[in-house]
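Engineer: First the structure, then my questions, so here it is.
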Amino acid sequence: MITFSRVSLIYPHSTTTVIEDLSFQIEEGEMVLVMGHTGAGKSSLLRLVNGLVPHHTGGILAGEITVAGNSTRTLRPGELAGVVGIVGQNPIDSFVADTVEEEIAFGMESLNYSPDVMRKRVEEVLDQVGLTQLRDRTIATLSGGEQQRVAIASALVMHPKVLLLDEPTSALDPIAAEEIFALLHRLVHDLSVTVLLAEHRLERVIGYVDRILLIEEDGRTAIGSPSEMLMQTELVPPIVRLSRALSLPEVGMSTREVRRQTEELRSSLPDYEPEQKPRGSIALSLVEKSVNYGEKVALNKVSLDLHYGHVAALMGRNGAGKSTLIKSFLEIAPGCGYVPQEPNDLLYHSSVEEECEQADRDNQLPQGSTLSLLTKTLPTIAPKTHPRDLSEGERLALVLSIVLVANPKILILDEPTRGLDYQAKSLLASQLRDLASAGTAILMATHDVELVADVADRTIFIADGDIVADGATIDVLLASPAFAPQVAKVMSPRRWLTVDHVMQAASQE
Amino acid sequence: MKRKLHPLTMWGFFTALAVGVIASDNSQTALAAIAISAFIVLARKESGPWGSSFRWSIIAALYLLIIRLITGIVIGVPRPGTEVFTLPRIHLPSWLPGIRIGGPVTLERLESALSEGLIIATVIIIFGTANSVTSPKKLLRTLPTFIHQLGTTLVIATSVFPQLITSIQRIKRAQYLRSGRKPSTLSVGIPLLEESLTRAVSLAESMESRGFGISKRTSRYRPIAFEALDLSVIGTGFGIALVMVLL
């Protein structure tokens with residue numbers, strides 16, 4: 001269905017190739033995951049398939065790419081609209097119409113389909129993705145998961161043979177993400193759509209994919225079955241790390257497989273209760289806070305304390321009130337450190353060095369303080385780099401240094417792990433742990449269950465403006481099947497959340 | 001499914017209403033027109049961001065009314081009648097005849113200022129209502145085929161404004177917390193520009209990959225026909241306007 005033969009790509013004004021000498025073949029009805037570090041060229045690869053690269057972005061392409069027999073060299077992306085559909089990371093940025101139905105019909109309108117055909121196809125696709133109830137709704141009022149389904153429907157309605165998805169669930173909560181992947185799974189099986197997708201949170205997707213295309217840091221690429229490919233890389237989901245740590249005979253991809261292999265182990269391992277950090281003194285407290293947006297109640301008389309030396313995670317569905325709660329905390333704590341959802345919001349200079357100097361001046365610190373803080377976490381960063389050219393992980397580290405150099409006693413992070421690979425995430429996790437043990441109070445809003453299991457001492461669940469659960473992370477996460485981390489699912493009913501917990505237990509033998 | 005009105009219908013109705021209010025120049029008909037608008041908003045408000053334009057138009061209208069009242073009291077042509085209170089009069093040079101600042105304020109003068117202000121305020125509220133019940137984008141979609149492409153482009157261009165406002169607020173807050181100072185225009189402008197560019201690019205990519213601009217001819221999905229009901233709604237509008245003028 002998709003054939004790459006000896007493809008290399010170089011962008012204009014750039015000296016390094018993004019993709020070099022890449023050859024592979026993807027069959028009809030396959031679901032293939034593209035994985036690699038941030039900035040490895042995953043997005044470029046997806047866009048190559050429908051010709052957005054290089055037709056839309058510029059760049060020099062060598063080699064030959066064919067999709068269902070069409071060469072992307074001569075055809076523009078629009079001419080491939082009936083063959084390849086693409087869904088981006090932020091569906092809201094790519095919507096052109098007001099309502100669900102109009103959005104879905106846009107592509108067909110542009111290609112002058114007859115009204116009867118359009119009507120029939122829209123009906124079909126609404127059923128396929130389960131949007132029938134929402135057909136008349138204004139897109140702006142839909143949740144993130146629903147918007148993502150609209151984007152998928154808009155691509156599907158053109159009856160494409162190939163569907164490309166670039167981190168389709170990076171902004172979604174675990175439940176919405178699960179729904180999206182279940183939908184893709186069904187499309188692959190029922191309609192034989194070929195799916196090529198990029199995703200960082202492998203724990204969400206690994207159970208669904210047939211093959212993995214791995215782009216390594218040095219630009220080498222390989223394609224193979226998930227178990228084969230995951231042997232070769234450090235970017236692995238917790239379930240694979242568990243298999244490795246326990247030296248299981250096979251690397252299992254699903255909870256079920258690994259559970260079968262660990263049956264004996266689960267009962268034989270000694271008791272181990274992960275220790276819980278005591279709460280420090282109260283750093284900040286919100287008392288009976290209510291916030292309304294028009295008729296919608298965003299926060300309903302919420303009272304919440306944050307404690308020094310404690311990491312609290314704030315979880316909940318999109319639109320449950322997480323951002324509002326964070327905003328409310330920021331209002332009462334003007335001196336706290338804040339890492340916004342878009343780290344870019346804070347950056348406006350033309351090099352890493354200048355950003356760091358600005359931070360020094362803002363906080364009346366001796367020159368170089370911020371830069372030295374940054375190089376402590378990221379020794380390899382080049383100070384002359386433009387902040388926009390950094391990878392997501394590096395940019396987050398820069399923003400974190402800028403915020404932390406002021407030595408805040410309270411740190412608030414909004415969705416910090418979007419677009420981060422496992423390496424960048426573990427760097428962030430260790431930084432947060434160090435800060436907490438130095439006495440900082442930390443609150444982070446996140447959808448990332450694995451990060452929460454890893455660093456949070458306490459988890460707060462918010463739903464529809466109310467706090468519905470608040471307690472030690474282990475109690476809260478284990479109580480909810482949807483939010484349980486992979487290791488917990490494998491090890492249930494034992495009360496362990498991370499590979500670390502399991503290994504601690506094993507070492508007590 | 002709710003029966004949809006043609007996008008032009010409500011605009012036609014409200015234009016007739018506005019004409020009626022201006023032509024009758026009567027504060028009672030103006031109040032009646034506001035009541036009609038409020039009723040229609042309650043019944044047919046749309047859920048998108050434009051749905052709140054009725055609320056904003058009321059706020060704008062109130063400001064306008066207050067300003068009109070203040071200028072009516074301070075500056076104005078003297079009107080004989082019942083004197084309510086007297087403001088100290090400022091004597092202007094002789095080359096500015098006919099303008100008076102201060103002086104006695106009569107009940108009649110207050111009344112005329114208020115009713116004039118009310119008429120303008122009503123017209124604002126009427127168009128705010130029209131905007132609330134029909135998305136301006138839908139209106140653009142009714143453009144005739146030969147400028148349909150232009151209409152589509154305009155629709156997409158205007159859709160970024162609401163997002164722009166939330167982005168500005170978000171960036172300002174983040175930067176205020178970074179430095180503790182009010183952020184400068186430049187420091188907000190650069191991330192904003194970058195974000196808008198990224199958005200524009202992803203929008204363009206999405207349109208391009210969905211075949212926009214490939215075919216010379218385009219078709220319409222479920223075009224809303226102009227039917228008898230639409231005609232009767234607009235007719236009612238003109239009827240009301242006629243009654244207002246005749247009364």
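Chains: A, B, ... in order of the structure tokens. Residues: from 1 per chain. Ligands: from 1, in order shown.
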Kindly assemble as JSON lines a list of the chain A residues that lie within 8 Å of chain B, each paired with its nearest atom pair and their distance in Å to one decimal, using only C-alpha atoms, sorted first by chain and then by ascending residue number.
Structural biologist:
```
{"residue": "A:Asn50", "atom": "CA", "partner": "B:Ser209", "partner_atom": "CA", "distance": 7.5}
{"residue": "A:Leu52", "atom": "CA", "partner": "B:Glu205", "partner_atom": "CA", "distance": 7.0}
{"residue": "A:His56", "atom": "CA", "partner": "B:Glu205", "partner_atom": "CA", "distance": 7.3}
{"residue": "A:Pro77", "atom": "CA", "partner": "B:Ser209", "partner_atom": "CA", "distance": 4.8}
{"residue": "A:Gly78", "atom": "CA", "partner": "B:Gly211", "partner_atom": "CA", "distance": 3.7}
{"residue": "A:Glu79", "atom": "CA", "partner": "B:Gly211", "partner_atom": "CA", "distance": 6.3}
{"residue": "A:Leu80", "atom": "CA", "partner": "B:Ser209", "partner_atom": "CA", "distance": 7.4}
{"residue": "A:Ala81", "atom": "CA", "partner": "B:Arg210", "partner_atom": "CA", "distance": 5.2}
{"residue": "A:Gly85", "atom": "CA", "partner": "B:Ser209", "partner_atom": "CA", "distance": 7.3}
{"residue": "A:Ile86", "atom": "CA", "partner": "B:Ser209", "partner_atom": "CA", "distance": 7.2}
{"residue": "A:Gly88", "atom": "CA", "partner": "B:Ser202", "partner_atom": "CA", "distance": 7.9}
{"residue": "A:Asp93", "atom": "CA", "partner": "B:Arg199", "partner_atom": "CA", "distance": 5.7}
{"residue": "A:Ser94", "atom": "CA", "partner": "B:Leu203", "partner_atom": "CA", "distance": 4.4}
{"residue": "A:Phe95", "atom": "CA", "partner": "B:Leu203", "partner_atom": "CA", "distance": 7.0}
{"residue": "A:Val96", "atom": "CA", "partner": "B:Ile156", "partner_atom": "CA", "distance": 5.7}
{"residue": "A:Ala97", "atom": "CA", "partner": "B:Ile156", "partner_atom": "CA", "distance": 7.4}
{"residue": "A:Asp98", "atom": "CA", "partner": "B:Lys137", "partner_atom": "CA", "distance": 7.7}
{"residue": "A:Glu102", "atom": "CA", "partner": "B:Tyr221", "partner_atom": "CA", "distance": 7.2}
{"residue": "A:Ala105", "atom": "CA", "partner": "B:Tyr221", "partner_atom": "CA", "distance": 6.4}
{"residue": "A:Phe106", "atom": "CA", "partner": "B:Arg210", "partner_atom": "CA", "distance": 7.8}
{"residue": "A:Gly107", "atom": "CA", "partner": "B:Arg210", "partner_atom": "CA", "distance": 4.9}
{"residue": "A:Met108", "atom": "CA", "partner": "B:Ser219", "partner_atom": "CA", "distance": 7.8}
{"residue": "A:Glu109", "atom": "CA", "partner": "B:Ser219", "partner_atom": "CA", "distance": 4.8}
{"residue": "A:Ser110", "atom": "CA", "partner": "B:Thr218", "partner_atom": "CA", "distance": 5.1}
{"residue": "A:Leu111", "atom": "CA", "partner": "B:Ser215", "partner_atom": "CA", "distance": 5.3}
{"residue": "A:Asn112", "atom": "CA", "partner": "B:Thr218", "partner_atom": "CA", "distance": 4.2}
{"residue": "A:Tyr113", "atom": "CA", "partner": "B:Ser219", "partner_atom": "CA", "distance": 6.2}
{"residue": "A:Ser114", "atom": "CA", "partner": "B:Ser219", "partner_atom": "CA", "distance": 6.7}
{"residue": "A:Pro115", "atom": "CA", "partner": "B:Tyr221", "partner_atom": "CA", "distance": 5.9}
{"residue": "A:Met118", "atom": "CA", "partner": "B:Tyr221", "partner_atom": "CA", "distance": 6.6}
{"residue": "A:Arg119", "atom": "CA", "partner": "B:Tyr221", "partner_atom": "CA", "distance": 7.2}
{"residue": "A:Arg137", "atom": "CA", "partner": "B:Ser47", "partner_atom": "CA", "distance": 7.8}
{"residue": "A:Thr138", "atom": "CA", "partner": "B:Gly48", "partner_atom": "CA", "distance": 5.7}
{"residue": "A:Ala140", "atom": "CA", "partner": "B:Gly48", "partner_atom": "CA", "distance": 6.6}
{"residue": "A:Thr141", "atom": "CA", "partner": "B:Gly48", "partner_atom": "CA", "distance": 6.9}
{"residue": "A:Ala155", "atom": "CA", "partner": "B:Arg210", "partner_atom": "CA", "distance": 7.6}
{"residue": "A:Pro334", "atom": "CA", "partner": "B:Leu177", "partner_atom": "CA", "distance": 6.8}
{"residue": "A:Gly335", "atom": "CA", "partner": "B:Leu177", "partner_atom": "CA", "distance": 7.3}
{"residue": "A:Cys336", "atom": "CA", "partner": "B:Leu177", "partner_atom": "CA", "distance": 7.4}
{"residue": "A:Gly337", "atom": "CA", "partner": "B:Leu177", "partner_atom": "CA", "distance": 7.1}
{"residue": "A:Tyr338", "atom": "CA", "partner": "B:Leu177", "partner_atom": "CA", "distance": 6.6}
{"residue": "A:Val339", "atom": "CA", "partner": "B:Ala174", "partner_atom": "CA", "distance": 7.7}
{"residue": "A:Pro340", "atom": "CA", "partner": "B:Ala174", "partner_atom": "CA", "distance": 6.3}
{"residue": "A:Asn344", "atom": "CA", "partner": "B:Pro191", "partner_atom": "CA", "distance": 6.3}
{"residue": "A:Asp345", "atom": "CA", "partner": "B:Ile171", "partner_atom": "CA", "distance": 5.1}
{"residue": "A:Leu346", "atom": "CA", "partner": "B:Gln175", "partner_atom": "CA", "distance": 5.6}
{"residue": "A:Leu347", "atom": "CA", "partner": "B:Pro191", "partner_atom": "CA", "distance": 6.8}
{"residue": "A:Tyr348", "atom": "CA", "partner": "B:Ser187", "partner_atom": "CA", "distance": 5.5}
{"residue": "A:Ala359", "atom": "CA", "partner": "B:Ser179", "partner_atom": "CA", "distance": 7.7}
{"residue": "A:Asp362", "atom": "CA", "partner": "B:Ser179", "partner_atom": "CA", "distance": 5.6}
{"residue": "A:Asn363", "atom": "CA", "partner": "B:Ser179", "partner_atom": "CA", "distance": 7.4}
{"residue": "A:Ile402", "atom": "CA", "partner": "B:Arg178", "partner_atom": "CA", "distance": 7.9}
{"residue": "A:Val403", "atom": "CA", "partner": "B:Arg178", "partner_atom": "CA", "distance": 6.5}
```
Engineer: I'd like to know which residues of stretch 128-259 of chain A are strand (DSSP E) (by DSSP, run on the backbone); could you write them as a list of chain:residue names?
Structural biologist: A:Val162, A:Leu163, A:Leu164, A:Leu165, A:Asp166, A:Thr194, A:Val195, A:Leu196, A:Leu197, A:Ala198, A:Arg211, A:Ile212, A:Leu213, A:Leu214, A:Ile215, A:Thr221, A:Ala222, A:Ile223, A:Gly224
Engineer: Ranking B:Val123, B:Leu140, B:Leu118, B:Leu150 by minimum distance to B:Gln28 and counting only C-alpha atoms, which one comes first?
Structural biologist: B:Leu118
Engineer: Can you tell me, as a compact mmCIF listing (two decimals) with C-alpha atoms, in the first residue's frame, what residues are no more than 6 Å from stretch 55-67 of chain B when counting only C-alpha atoms, ignoring any on the same chain fewer than 5 positions away?
Structural biologist:
```txt
# COMPACT_ATOMS: atom_id res chain seq x y z
CA GLY B 117 -29.73 57.22 23.11
CA ALA B 121 -28.79 51.39 21.70
CA ILE B 125 -28.92 45.28 20.38
CA GLY B 128 -26.23 41.78 18.29
```
Engineer: I need the residues in stretch 180-382 of chain A that are helix (DSSP H, G or I) according to DSSP; give them as a ChimeraX atom specification.
Structural biologist: /A:180-191,202-205,226-232,238-245,255-261,263-268,322-332,343-346,352-362,369-377
Engineer: Compile the contact shell of B:Val133 as a ChimeraX atom specification: residues with an atom at most 6 Å away, counting only C-alpha atoms, same-chain residues fewer than 2 positions apart removed.
Structural biologist: /B:44-46,130-131
Engineer: Output N, CA, C and O atoms of each residue in that selection to a file, as a PDB file, in the first residue's frame.
Structural biologist:
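File written: out14.pdb
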```pdb
ATOM      1  N   ARG B  44     -33.769  30.959  20.200  1.00  0.00           N
ATOM      2  CA  ARG B  44     -32.990  30.434  19.082  1.00  0.00           C
ATOM      3  C   ARG B  44     -31.497  30.693  19.152  1.00  0.00           C
ATOM      4  O   ARG B  44     -30.805  30.584  18.147  1.00  0.00           O
ATOM      5  N   LYS B  45     -30.958  31.023  20.334  1.00  0.00           N
ATOM      6  CA  LYS B  45     -29.534  31.325  20.433  1.00  0.00           C
ATOM      7  C   LYS B  45     -28.700  30.117  19.994  1.00  0.00           C
ATOM      8  O   LYS B  45     -29.044  28.983  20.317  1.00  0.00           O
ATOM      9  N   GLU B  46     -27.614  30.359  19.281  1.00  0.00           N
ATOM     10  CA  GLU B  46     -26.736  29.259  18.872  1.00  0.00           C
ATOM     11  C   GLU B  46     -25.623  29.070  19.899  1.00  0.00           C
ATOM     12  O   GLU B  46     -25.287  29.983  20.643  1.00  0.00           O
ATOM     13  N   ALA B 130     -29.178  39.469  15.955  1.00  0.00           N
ATOM     14  CA  ALA B 130     -29.088  38.788  14.659  1.00  0.00           C
ATOM     15  C   ALA B 130     -27.831  37.930  14.611  1.00  0.00           C
ATOM     16  O   ALA B 130     -27.840  36.790  14.147  1.00  0.00           O
ATOM     17  N   ASN B 131     -26.744  38.481  15.169  1.00  0.00           N
ATOM     18  CA  ASN B 131     -25.487  37.756  15.204  1.00  0.00           C
ATOM     19  C   ASN B 131     -25.566  36.532  16.105  1.00  0.00           C
ATOM     20  O   ASN B 131     -24.963  35.496  15.827  1.00  0.00           O
TER      21      ASN B 131
END
```
Engineer: At a cut-off of 10 Å, using only C-alpha atoms, what residues contact stretch 44-48 of chain A? Leave out same-chain residues fewer than 5 positions from it and give the result as number ranges by chain.
Structural biologist: A: 4, 7, 9, 11, 18-19, 22, 34, 39, 53-57, 61, 65, 72-73, 77, 86, 163-166, 196-198, 215; B: 205, 209
Engineer: Can you pull out the residues contacting A:Glu288? Cut-off 12 Å, using only C-alpha atoms, and skip same-chain residues under 5 positions away; I want them as a CSV table (one decimal) with all heavy atoms, in the first residue's frame.
Structural biologist:
```
chain,number,residue,atom,x,y,z
A,299,LEU,N,-15.8,25.3,38.6
A,299,LEU,CA,-15.4,24.8,39.9
A,299,LEU,C,-16.6,25.0,40.9
A,299,LEU,O,-17.2,26.0,40.9
A,299,LEU,CB,-14.2,25.6,40.5
A,299,LEU,CG,-12.8,25.2,39.9
A,299,LEU,CD1,-11.8,26.0,40.7
A,299,LEU,CD2,-12.5,23.8,40.0
A,300,ASN,N,-16.8,23.9,41.6
A,300,ASN,CA,-18.0,24.0,42.5
A,300,ASN,C,-17.5,23.9,44.0
A,300,ASN,O,-17.3,22.8,44.5
A,300,ASN,CB,-18.9,22.8,42.1
A,300,ASN,CG,-20.2,22.8,43.0
A,300,ASN,OD1,-20.6,23.9,43.5
A,300,ASN,ND2,-20.8,21.7,43.1
A,301,LYS,N,-17.4,25.0,44.6
A,301,LYS,CA,-17.0,25.1,46.0
A,301,LYS,C,-15.8,24.1,46.3
A,301,LYS,O,-16.0,23.2,47.2
A,301,LYS,CB,-18.2,24.8,46.9
A,301,LYS,CG,-19.2,25.9,47.0
A,301,LYS,CD,-20.1,25.6,48.1
A,301,LYS,CE,-21.3,26.7,48.1
A,301,LYS,NZ,-22.5,26.2,48.8
A,302,VAL,N,-14.7,24.3,45.7
A,302,VAL,CA,-13.6,23.4,45.9
A,302,VAL,C,-12.7,23.9,47.0
A,302,VAL,O,-12.3,25.1,47.0
A,302,VAL,CB,-12.8,23.2,44.5
A,302,VAL,CG1,-11.5,22.6,44.8
A,302,VAL,CG2,-13.6,22.5,43.5
A,303,SER,N,-12.3,23.0,47.9
A,303,SER,CA,-11.4,23.4,48.9
A,303,SER,C,-10.2,22.4,48.8
A,303,SER,O,-10.4,21.2,48.7
A,303,SER,CB,-11.9,23.3,50.3
A,303,SER,OG,-13.0,24.1,50.5
A,304,LEU,N,-9.0,23.0,48.7
A,304,LEU,CA,-7.8,22.1,48.5
A,304,LEU,C,-6.6,22.7,49.1
A,304,LEU,O,-6.4,23.9,49.0
A,304,LEU,CB,-7.6,22.0,47.0
A,304,LEU,CG,-6.7,20.9,46.5
A,304,LEU,CD1,-7.2,19.5,46.9
A,304,LEU,CD2,-6.5,21.0,45.0
A,305,ASP,N,-5.8,21.9,49.8
A,305,ASP,CA,-4.5,22.4,50.3
A,305,ASP,C,-3.3,21.8,49.5
A,305,ASP,O,-3.4,20.6,49.1
A,305,ASP,CB,-4.3,22.0,51.8
A,305,ASP,CG,-5.4,22.6,52.7
A,305,ASP,OD1,-5.8,23.7,52.3
A,305,ASP,OD2,-5.9,21.9,53.6
A,325,LEU,N,-8.8,25.2,38.0
A,325,LEU,CA,-8.2,25.0,39.4
A,325,LEU,C,-6.8,25.6,39.4
A,325,LEU,O,-6.4,26.3,40.4
A,325,LEU,CB,-8.2,23.6,39.7
A,325,LEU,CG,-7.9,23.2,41.2
A,325,LEU,CD1,-8.9,23.9,42.1
A,325,LEU,CD2,-7.9,21.7,41.4
A,328,SER,N,-6.9,29.3,39.5
A,328,SER,CA,-7.3,29.8,40.8
A,328,SER,C,-6.1,29.8,41.8
A,328,SER,O,-6.0,30.7,42.6
A,328,SER,CB,-8.4,28.9,41.4
A,328,SER,OG,-9.5,28.8,40.5
A,465,GLY,N,-16.1,19.9,37.8
A,465,GLY,CA,-16.0,21.0,38.8
A,465,GLY,C,-16.0,20.5,40.3
A,465,GLY,O,-15.9,21.3,41.2
A,466,ASP,N,-16.0,19.2,40.5
A,466,ASP,CA,-15.9,18.7,41.9
A,466,ASP,C,-14.7,17.8,42.0
A,466,ASP,O,-14.3,17.1,41.1
A,466,ASP,CB,-17.1,17.8,42.2
A,466,ASP,CG,-18.4,18.6,42.4
A,466,ASP,OD1,-18.3,19.6,43.1
A,466,ASP,OD2,-19.4,18.2,41.7
A,467,ILE,N,-14.1,17.8,43.2
A,467,ILE,CA,-13.0,16.9,43.5
A,467,ILE,C,-13.7,15.6,43.9
A,467,ILE,O,-14.5,15.5,44.9
A,467,ILE,CB,-12.1,17.4,44.6
A,467,ILE,CG1,-11.3,18.6,44.1
A,467,ILE,CG2,-11.2,16.3,45.1
A,467,ILE,CD1,-10.4,19.2,45.1
```
Engineer: In terms of the shortest atom-to-atom distance over only C-alpha atoms, which of A:Thr99, A:Ser323, A:Thr498, A:Gln431 is closest to A:Val449?
Structural biologist: A:Thr498
Engineer: Would you pick out the contacts of A:Gln89 at 8 Å or less, using only C-alpha atoms, so that residues sharing its chain but fewer than 3 positions from it are not included, and give the list as a VMD selection string?
Structural biologist: chain A and resid 165 to 171
Engineer: Go ahead and dump the residues you just picked, N, CA and C atoms, as a PDB file, in the first residue's frame.
Structural biologist:
```pdb
ATOM      1  N   LEU A 165      -1.893   9.520  11.218  1.00  0.00           N
ATOM      2  CA  LEU A 165      -2.235  10.248  12.433  1.00  0.00           C
ATOM      3  C   LEU A 165      -0.963  10.649  13.168  1.00  0.00           C
ATOM      4  N   ASP A 166      -0.839  11.954  13.423  1.00  0.00           N
ATOM      5  CA  ASP A 166       0.349  12.458  14.096  1.00  0.00           C
ATOM      6  C   ASP A 166       0.004  12.721  15.558  1.00  0.00           C
ATOM      7  N   GLU A 167       0.453  11.884  16.435  1.00  0.00           N
ATOM      8  CA  GLU A 167       0.149  11.964  17.871  1.00  0.00           C
ATOM      9  C   GLU A 167      -1.319  12.292  18.134  1.00  0.00           C
ATOM     10  N   PRO A 168      -2.193  11.378  17.748  1.00  0.00           N
ATOM     11  CA  PRO A 168      -3.621  11.695  17.827  1.00  0.00           C
ATOM     12  C   PRO A 168      -4.147  11.827  19.243  1.00  0.00           C
ATOM     13  N   THR A 169      -3.442  11.311  20.239  1.00  0.00           N
ATOM     14  CA  THR A 169      -4.022  11.367  21.589  1.00  0.00           C
ATOM     15  C   THR A 169      -3.174  12.155  22.576  1.00  0.00           C
ATOM     16  N   SER A 170      -2.231  12.959  22.051  1.00  0.00           N
ATOM     17  CA  SER A 170      -1.321  13.615  23.002  1.00  0.00           C
ATOM     18  C   SER A 170      -2.048  14.605  23.901  1.00  0.00           C
ATOM     19  N   ALA A 171      -3.203  15.118  23.454  1.00  0.00           N
ATOM     20  CA  ALA A 171      -3.916  16.076  24.298  1.00  0.00           C
ATOM     21  C   ALA A 171      -5.084  15.434  25.033  1.00  0.00           C
TER      22      ALA A 171
END
```
